[in-house]
file target09.pdb (PDB, C-alpha atoms)
ATOM      1  CA  VAL A   1      19.447 107.041-156.564
ATOM      2  CA  GLN A   2      20.297 110.715-156.484
ATOM      3  CA  LEU A   3      23.070 112.422-158.366
ATOM      4  CA  GLN A   4      24.387 115.823-157.380
ATOM      5  CA  ALA A   5      26.554 117.469-160.000
ATOM      6  CA  SER A   6      28.706 120.518-159.456
ATOM      7  CA  GLY A   7      31.291 122.498-161.338
ATOM      8  CA  GLY A   8      30.995 123.951-164.779
ATOM      9  CA  GLY A   9      30.942 127.597-165.712
ATOM     10  CA  LEU A  10      32.435 129.895-168.303
ATOM     11  CA  VAL A  11      35.952 129.477-169.651
ATOM     12  CA  GLN A  12      37.931 130.628-172.645
ATOM     13  CA  ALA A  13      38.955 128.217-175.354
ATOM     14  CA  GLY A  14      41.994 126.257-174.289
ATOM     15  CA  GLY A  15      41.038 126.478-170.652
ATOM     16  CA  SER A  16      40.045 123.811-168.157
ATOM     17  CA  LEU A  17      37.079 122.972-165.973
ATOM     18  CA  ASN A  18      36.283 120.207-163.526
ATOM     19  CA  LEU A  19      32.925 118.615-162.888
ATOM     20  CA  SER A  20      31.979 116.492-159.894
ATOM     21  CA  CYS A  21      29.085 114.157-159.325
ATOM     22  CA  GLU A  22      28.187 112.652-155.974
ATOM     23  CA  ARG A  23      25.905 109.650-155.953
ATOM     24  CA  SER A  24      23.733 108.710-153.029
ATOM     25  CA  GLY A  25      23.418 105.235-151.594
ATOM     26  CA  ARG A  26      25.426 102.085-152.006
ATOM     27  CA  ILE A  27      27.223 101.682-155.307
ATOM     28  CA  PHE A  28      27.853  98.198-156.607
ATOM     29  CA  SER A  29      31.141  97.422-158.311
ATOM     30  CA  SER A  30      29.360  96.746-161.567
ATOM     31  CA  ALA A  31      27.749 100.179-161.649
ATOM     32  CA  ILE A  32      28.804 102.687-164.272
ATOM     33  CA  MET A  33      29.038 106.438-163.751
ATOM     34  CA  GLY A  34      28.921 108.602-166.805
ATOM     35  CA  TRP A  35      28.636 112.038-168.301
ATOM     36  CA  PHE A  36      26.447 113.053-171.200
ATOM     37  CA  ARG A  37      26.026 116.495-172.713
ATOM     38  CA  GLN A  38      23.523 118.376-174.780
ATOM     39  CA  ALA A  39      24.355 121.411-176.844
ATOM     40  CA  PRO A  40      21.656 123.838-178.023
ATOM     41  CA  GLY A  41      19.719 122.354-180.899
ATOM     42  CA  LYS A  42      21.538 119.049-180.720
ATOM     43  CA  GLU A  43      20.853 115.575-179.400
ATOM     44  CA  ARG A  44      22.248 114.439-176.101
ATOM     45  CA  GLU A  45      25.520 112.647-176.567
ATOM     46  CA  PHE A  46      27.733 110.406-174.508
ATOM     47  CA  VAL A  47      30.940 111.972-173.192
ATOM     48  CA  ALA A  48      32.673 109.570-170.821
ATOM     49  CA  SER A  49      32.070 106.766-168.367
ATOM     50  CA  VAL A  50      33.829 104.839-165.638
ATOM     51  CA  ARG A  51      32.982 101.475-164.169
ATOM     52  CA  TRP A  52      32.797 101.825-160.422
ATOM     53  CA  GLY A  53      34.645  98.700-159.414
ATOM     54  CA  TYR A  54      37.422  98.225-161.959
ATOM     55  CA  GLY A  55      37.738 101.847-162.993
ATOM     56  CA  THR A  56      37.459 100.965-166.667
ATOM     57  CA  VAL A  57      36.937 104.147-168.645
ATOM     58  CA  ASN A  58      35.351 104.953-171.961
ATOM     59  CA  TYR A  59      35.351 108.198-173.935
ATOM     60  CA  ALA A  60      33.665 109.730-176.911
ATOM     61  CA  GLU A  61      36.111 110.270-179.758
ATOM     62  CA  SER A  62      35.550 114.000-179.618
ATOM     63  CA  VAL A  63      36.964 114.281-176.083
ATOM     64  CA  LYS A  64      39.684 111.639-176.057
ATOM     65  CA  GLY A  65      42.987 113.074-174.930
ATOM     66  CA  ARG A  66      41.324 116.153-173.457
ATOM     67  CA  PHE A  67      38.879 114.849-170.849
ATOM     68  CA  THR A  68      39.602 112.494-167.987
ATOM     69  CA  ILE A  69      36.956 110.701-165.971
ATOM     70  CA  SER A  70      37.758 109.249-162.569
ATOM     71  CA  ARG A  71      36.032 108.196-159.381
ATOM     72  CA  ASP A  72      36.702 108.314-155.670
ATOM     73  CA  ARG A  73      35.040 105.321-154.117
ATOM     74  CA  THR A  74      35.464 106.709-150.599
ATOM     75  CA  LYS A  75      33.415 109.771-151.519
ATOM     76  CA  ASN A  76      30.903 108.135-153.855
ATOM     77  CA  THR A  77      31.952 110.766-156.367
ATOM     78  CA  ALA A  78      32.881 110.765-160.027
ATOM     79  CA  TYR A  79      34.873 113.518-161.656
ATOM     80  CA  LEU A  80      35.313 114.858-165.155
ATOM     81  CA  GLN A  81      38.444 116.862-165.759
ATOM     82  CA  MET A  82      38.162 118.831-168.970
ATOM     83  CA  THR A  83      41.221 120.419-170.542
ATOM     84  CA  ASN A  84      41.926 122.195-173.807
ATOM     85  CA  LEU A  85      38.272 123.091-174.005
ATOM     86  CA  LYS A  86      36.810 124.116-177.335
ATOM     87  CA  PRO A  87      33.745 126.213-178.154
ATOM     88  CA  GLU A  88      32.074 123.038-179.438
ATOM     89  CA  ASP A  89      32.278 121.618-175.918
ATOM     90  CA  THR A  90      29.694 124.180-174.859
ATOM     91  CA  ALA A  91      26.696 122.265-173.549
ATOM     92  CA  VAL A  92      24.726 121.271-170.510
ATOM     93  CA  TYR A  93      26.561 118.372-168.935
ATOM     94  CA  TYR A  94      24.641 115.644-167.133
ATOM     95  CA  CYS A  95      25.939 113.153-164.642
ATOM     96  CA  THR A  96      24.406 109.716-165.068
ATOM     97  CA  THR A  97      24.602 106.258-163.660
ATOM     98  CA  GLY A  98      23.314 102.811-164.383
ATOM     99  CA  SER A  99      23.857  99.147-163.758
ATOM    100  CA  SER A 100      24.719  98.424-167.372
ATOM    101  CA  TRP A 101      25.729 100.102-170.612
ATOM    102  CA  PRO A 102      24.762 102.752-171.499
ATOM    103  CA  PRO A 103      24.770 104.311-168.038
ATOM    104  CA  ASP A 104      21.607 106.332-168.536
ATOM    105  CA  GLN A 105      19.280 104.779-165.985
ATOM    106  CA  TYR A 106      19.492 107.731-163.607
ATOM    107  CA  TRP A 107      20.234 111.368-164.393
ATOM    108  CA  GLY A 108      21.372 114.259-162.269
ATOM    109  CA  GLN A 109      20.584 117.880-162.859
ATOM    110  CA  GLY A 110      22.574 119.436-165.651
ATOM    111  CA  THR A 111      25.410 121.861-165.233
ATOM    112  CA  GLN A 112      26.254 124.434-167.861
ATOM    113  CA  VAL A 113      29.674 124.532-169.473
ATOM    114  CA  THR A 114      30.326 127.460-171.777
ATOM    115  CA  VAL A 115      33.530 127.848-173.762
ATOM    116  CA  SER A 116      34.117 131.194-175.414
ATOM    117  CA  SER A 117      36.280 131.597-178.478
TER     118      SER A 117
END

call {"tool": "encode", "arguments": {"input": "target09.pdb", "output": "structure tokens"}}
result
Amino acid sequence: VQLQASGGGLVQAGGSLNLSCERSGRIFSSAIMGWFRQAPGKEREFVASVRWGYGTVNYAESVKGRFTISRDRTKNTAYLQMTNLKPEDTAVYYCTTGSSWPPDQYWGQGTQVTVSS
């Protein structure tokens, strides 16, 4: 399984960014795609996930109402739309996938998101 993440960058507080993650190979309906992040000096933390088949989503409390995770099954791609970004959202974001919860069996390369105040 390979995960190719893209997107990220530098944005001012209140701005928006979109991340994409393309997964290689066949994806079973039960698979989960997710995003984790790690800020400097902090532990990695769960951000959001989506179940491939049903589209069931799950979010960390800190991003609820601001981030939206989705997937395009025709493109084998998951997306993370991030709005109303805050400086505390600054982190390296990792795309992940797995066959069960938590979806941390496979990890893609990280992509930097920096939110300036």

call {"tool": "atom_distance", "arguments": {"input": "target09.pdb", "atom1": "CA of Ala31 (chain A)", "atom2": "CA of Tyr54 (chain A)"}}
result
9.9 Å

call {"tool": "atom_distance", "arguments": {"input": "target09.pdb", "atom1": "CA of Arg37 (chain A)", "atom2": "CA of Val113 (chain A)"}}
result
9.4 Å

call {"tool": "closest_residue", "arguments": {"input": "target09.pdb", "among": "A:Ser100, A:Asn18, A:Gln112, A:Ser6", "to": "Ser70 (chain A)", "atoms": "all atoms listed in the file"}}
result
A:Asn18

call {"tool": "closest_residue", "arguments": {"input": "target09.pdb", "among": "A:Leu19, A:Leu85, A:Ala91, A:Val1", "to": "Ser117 (chain A)", "atoms": "only C-alpha atoms"}}
result
A:Leu85

call {"tool": "resolve_selection", "arguments": {"input": "target09.pdb", "expression": "the PyMOL selection byres ((chain A and resi 62-65) around 12)", "output": "CSV table (one decimal) with C-alpha atoms, keeping the file's coordinate frame"}}
result
chain,number,residue,atom,x,y,z
A,35,TRP,CA,28.6,112.0,-168.3
A,36,PHE,CA,26.4,113.1,-171.2
A,37,ARG,CA,26.0,116.5,-172.7
A,45,GLU,CA,25.5,112.6,-176.6
A,46,PHE,CA,27.7,110.4,-174.5
A,47,VAL,CA,30.9,112.0,-173.2
A,48,ALA,CA,32.7,109.6,-170.8
A,49,SER,CA,32.1,106.8,-168.4
A,57,VAL,CA,36.9,104.1,-168.6
A,58,ASN,CA,35.4,105.0,-172.0
A,59,TYR,CA,35.4,108.2,-173.9
A,60,ALA,CA,33.7,109.7,-176.9
A,61,GLU,CA,36.1,110.3,-179.8
A,66,ARG,CA,41.3,116.2,-173.5
A,67,PHE,CA,38.9,114.8,-170.8
A,68,THR,CA,39.6,112.5,-168.0
A,69,ILE,CA,37.0,110.7,-166.0
A,80,LEU,CA,35.3,114.9,-165.2
A,81,GLN,CA,38.4,116.9,-165.8
A,82,MET,CA,38.2,118.8,-169.0
A,83,THR,CA,41.2,120.4,-170.5
A,84,ASN,CA,41.9,122.2,-173.8
A,85,LEU,CA,38.3,123.1,-174.0
A,86,LYS,CA,36.8,124.1,-177.3
A,88,GLU,CA,32.1,123.0,-179.4
A,89,ASP,CA,32.3,121.6,-175.9

call {"tool": "atom_distance", "arguments": {"input": "target09.pdb", "atom1": "CA of Val11 (chain A)", "atom2": "CA of Thr90 (chain A)"}}
result
9.7 Å

call {"tool": "axis_aligned_box", "arguments": {"input": "target09.pdb", "around": "region 88-101 of chain A", "padding_each_side": "8 Å", "output": "AutoDock Vina command-line options"}}
result
--center_x 27.8 --center_y 111.3 --center_z -171.5 --size_x 25.0 --size_y 41.8 --size_z 31.8

call {"tool": "resolve_selection", "arguments": {"input": "target09.pdb", "expression": "the PyMOL selection byres ((chain A and resi 25) around 12)", "output": "PyMOL selection string"}}
result
chain A and resi 1-3+22-24+26-28+73+75-77

call {"tool": "resolve_selection", "arguments": {"input": "target09.pdb", "expression": "the PyMOL selection byres ((chain A and resi 97) around 7)", "output": "list in words"}}
result
Ile32, Met33, Gly34, Thr96, Gly98, Pro103, Asp104, Gln105, Tyr106 and Trp107 of chain A

call {"tool": "write_last_selection", "arguments": {"input": "target09.pdb", "atoms": "C-alpha atoms", "output": "PDB file, in the coordinates of the input"}}
result
ATOM      1  CA  ILE A  32      28.804 102.687-164.272  1.00  0.00           C
ATOM      2  CA  MET A  33      29.038 106.438-163.751  1.00  0.00           C
ATOM      3  CA  GLY A  34      28.921 108.602-166.805  1.00  0.00           C
ATOM      4  CA  THR A  96      24.406 109.716-165.068  1.00  0.00           C
ATOM      5  CA  GLY A  98      23.314 102.811-164.383  1.00  0.00           C
ATOM      6  CA  PRO A 103      24.770 104.311-168.038  1.00  0.00           C
ATOM      7  CA  ASP A 104      21.607 106.332-168.536  1.00  0.00           C
ATOM      8  CA  GLN A 105      19.280 104.779-165.985  1.00  0.00           C
ATOM      9  CA  TYR A 106      19.492 107.731-163.607  1.00  0.00           C
ATOM     10  CA  TRP A 107      20.234 111.368-164.393  1.00  0.00           C
TER      11      TRP A 107
END

call {"tool": "closest_residue", "arguments": {"input": "target09.pdb", "among": "A:Cys95, A:Val50, A:Ala5, A:Leu10", "to": "Ser29 (chain A)", "atoms": "only C-alpha atoms"}}
result
A:Val50

call {"tool": "closest_residue", "arguments": {"input": "target09.pdb", "among": "A:Ser20, A:Gln12, A:Thr56, A:Gln4", "to": "Ala78 (chain A)", "atoms": "only C-alpha atoms"}}
result
A:Ser20
